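What follows is one structure encoded as structure tokens, with my remarks underneath.
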Amino acid sequence: MKSLPILIFVLVALAQLGVPASMAWNRVQTLTHGRVWKFKTAPVDPEDAVRGRYVRLSYDVDRFIGNEKFQSGDSVYAVLKENADGFAEVDRLTNKKVGGDNSVKVQAWWLNDRENISFPFDQYWVTEQDAPAAEKAYAENSRRGQQNAFVTVRVHNGDAALEQLYINNQTLSDYLRAQAAKK
Amino acid sequence: MNRRALRWLRGQLPELVAAGAISSENAAAIERHYGSVESQTNLGFVILATVGAALVGAGIILLIAHNWDELSRVTRTVIAFIPLLLAQGLVAFVLLRRNESRPWREAVAIFDVAAVATAISLISQTYQISGSFADFMKIWLLLSIPIVYLLRTTLGACAYAIGLIVWLFAREMGFMVRSPSPMFFWIAFLLIVPYFLLRYWKNRESRETTSLSIVFVVALTFAIGFTADFAKSDLGCVAFAGFFTAIYLAGIKFFPPKGERLHSVALMGGIGIGVTAIVLSFESSWHMGREFFWGARTLEANIAFALEFLFPIVAIALAARNVLQKRFQFSVAAALFPLITAVAMGIANICETSAGQYIYATNCSFAAAALLNCYALWLAVDILVRGIRANSVARANFGLLLIAALAISRFFDSELSFVTRGLAFIVVGAGFLVANILLFRKRSAVPA
């Protein structure tokens, strides 16, 4: 009689371990085998910028004019292409699953005569200690006329893993260290 | 109390009876004595143990939220799983060795649930996984619900229902175009219902069952609000009227009142009916300003639409059953609430609409509001009279409170002309006087 609850518990325990483990595993796969894409970050409203201990990221390519109108709730894949400067651009949107290392599942909604795209990598987690400085650095380098920030994202079989946030061609931690040394 | 000694003594009792040293009555008396002592120490310990486990869990989450940048990804991944493995080890221990101890079960359940959240959070931070708080809550709730059943934890079930409320609010964040679907709530809520039924069948009078039902009523109240908002069909008033009436009638049927005192569930239903009636007595509740559903109507929106009728139907079924069995323990005025609301709804919709300050405003909002005002007055007087009859000061006061709320609402309702306001005041004032006279007559008739 006692074995049934134990059996159920073993399944539950495996699920509890499995969900975070598979999250980690998928990311490790994407980070090791994925193709690197650079996304230029876009200006943000200052008050939109602070949301806890992560930097809220916004991208240059999150608006798109295509032939089809997608509603929010549809599952949409963005097929990427690289532009002359080496940054990622949206080539087209489709609701068919595209494999490979050049498509990302995104949320899209039709507003103001164009498709607005929300990429699944819009939060960059930072340490509690670095959060204010990171926030400031990102905001200062993502203004109109001074867009010096970009992120690298690895894409593998439709899964996208945010790798690094670069400011002035330095990783965020290097940039912050350099800034701190200057003072 | 030395629990080890107690366990030893319990093991000895059958042998002592068999050897003829004590009679079986003596053995039962010893069992009873220690049983009652143990349950007393248990309750305090349950609370302490749960608070302790929750604090340890919260502390671990805070430490991890600090996000150690110095550690490598692999180290952080390993650390993420340590609290979870520890908690799961404890769950296994409790299932095998301490399955009868409520403090152990409750405390370990909370610890395991916190450890799941910790593991997911740390993995998200380590691998820069974005995602909304609502999605995180969803996964967390689904991974936690089996623990409620395995460890039979009522605190866990309450926490689960509260988690569902948090999810309802969390999913509203970041959406501007249209309300996101609340359907996950209903599926997740169905998962916890069997646990409630188990508690109910075991002991419906227990504090555990009562607390659980109170939390459930609160959770359902939020869910109905969000579901009505999502369905965009202007039926929220009927859905709420039906819901509170169903809760009131179910409270009376499934938790039979002891003497004249209503059970908390019926009480919550009654208060809900009163408050909703006051809200619907405002003319602005009946403008029928259509809200649009953006894009094509989805299957989910249609299910939400059907869900709005679920509780009104349950309420009517419960009332009909009582009428057929000729049992009138409930207030007829309260039971008629969904019907009255539906009639008012019909009145408001049957009229021509005029495009004015509110686009598609109906011309009959006044008639609908007037009906609800008369109804709210009837309901309040009925509660008052029943309170007087049952000699319940609390219920009589609630009736008076409703009348007062109705009067104040009409006073501030600037949409009514002075003549109608005056008339309404006269009616409300007269009702107040008659009720007071009745209350005092009854009170003076009862010998002190």
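Order determines the names: the first chain of the structure tokens is A, the second B, and so forth; residues in each chain are numbered 1 upward, and ligands are numbered 1 upward as they are shown.
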
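If you take only C-alpha atoms and a cut-off of 7 Å, the residues of chain A that reach chain B are Pro5, Val12, Ala13, Gln16, Pro20, Ala24, Arg27, Pro120, Phe121, Asp122, Gln123, Tyr124, Trp125, Thr127, Glu128 and Leu162 of chain A.
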
Env of Ala368 (chain B): 9 Å cut, atoms = only C-alpha atoms, seq-sep filter 4 positions within chain, self excluded. Answer as a short mmCIF file (atom, residue, chain, number, x, y, z; two decimals) with N, CA and C atoms, in the first residue's frame.
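Heads up, here's the output in out03.cif:
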```cif
data_model
loop_
_atom_site.label_atom_id
_atom_site.label_comp_id
_atom_site.auth_asym_id
_atom_site.auth_seq_id
_atom_site.Cartn_x
_atom_site.Cartn_y
_atom_site.Cartn_z
N SER B 281 -27.01 48.40 -8.20
CA SER B 281 -28.09 49.38 -8.05
C SER B 281 -27.69 50.73 -8.66
N GLU B 283 -26.94 53.15 -11.70
CA GLU B 283 -27.40 53.15 -13.08
C GLU B 283 -26.24 52.88 -14.05
N TRP B 286 -25.56 49.63 -15.87
CA TRP B 286 -26.49 49.09 -16.86
C TRP B 286 -26.45 49.82 -18.19
N THR B 341 -31.33 39.68 -11.65
CA THR B 341 -30.27 40.28 -12.46
C THR B 341 -30.50 39.99 -13.94
N VAL B 343 -33.33 39.43 -15.40
CA VAL B 343 -34.48 40.24 -15.87
C VAL B 343 -34.01 41.67 -16.15
N ALA B 344 -33.24 42.23 -15.21
CA ALA B 344 -32.73 43.60 -15.39
C ALA B 344 -31.88 43.68 -16.66
N MET B 345 -31.09 42.62 -16.86
CA MET B 345 -30.25 42.52 -18.06
C MET B 345 -31.12 42.57 -19.31
N GLY B 346 -32.21 41.80 -19.28
CA GLY B 346 -33.15 41.76 -20.41
C GLY B 346 -33.74 43.13 -20.66
N ILE B 347 -34.17 43.81 -19.57
CA ILE B 347 -34.76 45.15 -19.71
C ILE B 347 -33.75 46.09 -20.37
N ALA B 348 -32.51 46.04 -19.88
CA ALA B 348 -31.49 46.96 -20.38
C ALA B 348 -31.19 46.69 -21.85
N CYS B 364 -32.72 52.22 -21.38
CA CYS B 364 -33.46 51.62 -20.28
C CYS B 364 -32.59 51.36 -19.06
N LEU B 372 -33.20 46.86 -9.65
CA LEU B 372 -32.17 46.40 -8.71
C LEU B 372 -32.26 47.14 -7.38
N ASN B 373 -32.67 48.43 -7.43
CA ASN B 373 -32.83 49.18 -6.19
C ASN B 373 -33.95 48.58 -5.35
#
```

Val215 (chain B) surroundings by only C-alpha atoms, 8 Å radius, close-in-sequence under 6 positions cut, as JSON, numbers by chain | {"B": [158, 161, 162]}

Give the helix (DSSP H, G or I) residues of region 176-332 of chain B, as assigned by DSSP on the backbone, as a PyMOL selection string.
-> chain B and resi 183-202+207-231+236-254+264-280+283-286+299-324+332

Just C-alpha atoms for this one: save the residues we selected as a compact mmCIF listing (two decimals), in the first residue's frame.
```
# COMPACT_ATOMS: atom_id res chain seq x y z
CA MET B 183 -8.33 29.53 -18.72
CA PHE B 184 -5.30 28.03 -16.96
CA PHE B 185 -6.91 29.05 -13.66
CA TRP B 186 -9.93 26.83 -14.24
CA ILE B 187 -7.88 23.80 -15.24
CA ALA B 188 -5.49 24.28 -12.32
CA PHE B 189 -8.40 24.86 -9.97
CA LEU B 190 -10.03 21.57 -11.01
CA LEU B 191 -6.79 19.84 -9.96
CA ILE B 192 -7.22 20.97 -6.35
CA VAL B 193 -10.96 20.24 -6.05
CA PRO B 194 -10.51 16.50 -5.26
CA TYR B 195 -8.32 17.45 -2.29
CA PHE B 196 -11.11 19.65 -0.96
CA LEU B 197 -13.61 16.81 -1.38
CA LEU B 198 -11.30 14.43 0.53
CA ARG B 199 -11.13 16.93 3.41
CA TYR B 200 -14.87 17.51 3.24
CA TRP B 201 -15.74 13.81 3.40
CA LYS B 202 -13.28 13.24 6.20
CA ARG B 207 -11.21 24.16 10.77
CA GLU B 208 -9.11 22.85 7.85
CA THR B 209 -12.15 22.32 5.64
CA THR B 210 -13.57 25.73 6.56
CA SER B 211 -10.34 27.64 5.86
CA LEU B 212 -9.89 25.82 2.58
CA SER B 213 -13.42 26.66 1.44
CA ILE B 214 -12.96 30.34 2.38
CA VAL B 215 -9.76 30.58 0.33
CA PHE B 216 -11.48 28.81 -2.58
CA VAL B 217 -14.42 31.25 -2.55
CA VAL B 218 -11.99 34.20 -2.64
CA ALA B 219 -10.00 32.63 -5.50
CA LEU B 220 -13.15 31.91 -7.49
CA THR B 221 -14.39 35.48 -6.98
CA PHE B 222 -11.23 36.85 -8.65
CA ALA B 223 -11.39 34.20 -11.37
CA ILE B 224 -14.98 35.09 -12.28
CA GLY B 225 -14.07 38.77 -12.54
CA PHE B 226 -11.16 38.04 -14.89
CA THR B 227 -13.13 35.45 -16.87
CA ALA B 228 -16.02 37.89 -17.41
CA ASP B 229 -13.50 40.52 -18.51
CA PHE B 230 -11.93 38.05 -20.92
CA ALA B 231 -15.25 36.87 -22.38
CA GLY B 236 -20.36 39.84 -15.54
CA CYS B 237 -23.31 40.92 -13.41
CA VAL B 238 -25.21 37.67 -14.03
CA ALA B 239 -22.04 35.64 -13.45
CA PHE B 240 -21.37 37.32 -10.09
CA ALA B 241 -25.02 37.19 -8.99
CA GLY B 242 -25.14 33.48 -9.83
CA PHE B 243 -21.82 32.78 -8.17
CA PHE B 244 -22.61 34.36 -4.80
CA THR B 245 -26.09 32.85 -4.77
CA ALA B 246 -24.62 29.42 -5.54
CA ILE B 247 -22.10 29.85 -2.71
CA TYR B 248 -24.87 30.95 -0.32
CA LEU B 249 -27.14 28.03 -1.18
CA ALA B 250 -24.28 25.51 -1.27
CA GLY B 251 -23.08 26.81 2.09
CA ILE B 252 -26.49 26.08 3.60
CA LYS B 253 -26.88 22.72 1.89
CA PHE B 254 -23.42 21.25 2.38
CA SER B 264 -18.77 30.84 7.02
CA VAL B 265 -19.31 29.69 3.42
CA ALA B 266 -23.02 30.62 3.43
CA LEU B 267 -22.09 33.85 5.20
CA MET B 268 -19.58 34.77 2.48
CA GLY B 269 -22.20 34.05 -0.17
CA GLY B 270 -24.71 36.25 1.64
CA ILE B 271 -22.27 39.15 1.98
CA GLY B 272 -21.35 38.74 -1.70
CA ILE B 273 -25.02 38.92 -2.72
CA GLY B 274 -25.51 42.10 -0.66
CA VAL B 275 -22.41 43.85 -2.02
CA THR B 276 -23.13 42.86 -5.64
CA ALA B 277 -26.74 44.06 -5.31
CA ILE B 278 -25.51 47.48 -4.11
CA VAL B 279 -23.00 47.70 -6.98
CA LEU B 280 -25.69 46.81 -9.52
CA GLU B 283 -27.40 53.15 -13.08
CA SER B 284 -23.90 53.17 -14.57
CA SER B 285 -23.82 49.37 -14.18
CA TRP B 286 -26.49 49.09 -16.86
CA LEU B 299 -12.55 28.83 -28.52
CA GLU B 300 -11.21 30.04 -25.17
CA ALA B 301 -13.41 33.12 -25.31
CA ASN B 302 -16.42 30.91 -25.95
CA ILE B 303 -15.51 28.67 -23.01
CA ALA B 304 -15.20 31.77 -20.84
CA PHE B 305 -18.65 32.81 -22.06
CA ALA B 306 -20.05 29.40 -21.06
CA LEU B 307 -18.28 29.55 -17.68
CA GLU B 308 -20.19 32.74 -16.88
CA PHE B 309 -23.38 30.66 -16.93
CA LEU B 310 -21.97 27.82 -14.83
CA PHE B 311 -22.65 29.30 -11.40
CA PRO B 312 -26.06 30.84 -12.22
CA ILE B 313 -27.14 27.36 -13.38
CA VAL B 314 -25.74 25.74 -10.21
CA ALA B 315 -27.61 28.35 -8.13
CA ILE B 316 -30.90 27.68 -9.91
CA ALA B 317 -30.41 23.91 -9.60
CA LEU B 318 -29.72 24.17 -5.86
CA ALA B 319 -32.72 26.45 -5.31
CA ALA B 320 -34.98 24.20 -7.40
CA ARG B 321 -33.88 21.13 -5.48
CA ASN B 322 -34.65 22.82 -2.18
CA VAL B 323 -38.06 23.97 -3.44
CA LEU B 324 -38.92 20.46 -4.67
CA VAL B 332 -35.96 33.44 -0.99
```

Per-residue DSSP, region 69-162 of chain A, filtered to strand (DSSP E or B), as JSON, numbers by chain = {"A": [72, 74, 76, 77, 78, 79, 80, 81, 82, 88, 89, 90, 91, 92, 93, 94, 103, 104, 105, 106, 107, 108, 109, 110, 111, 114, 115, 116, 117, 118, 123, 124, 125, 142, 143, 146, 147, 149, 150, 151, 152, 153, 154, 155, 156, 159, 160, 161, 162]}
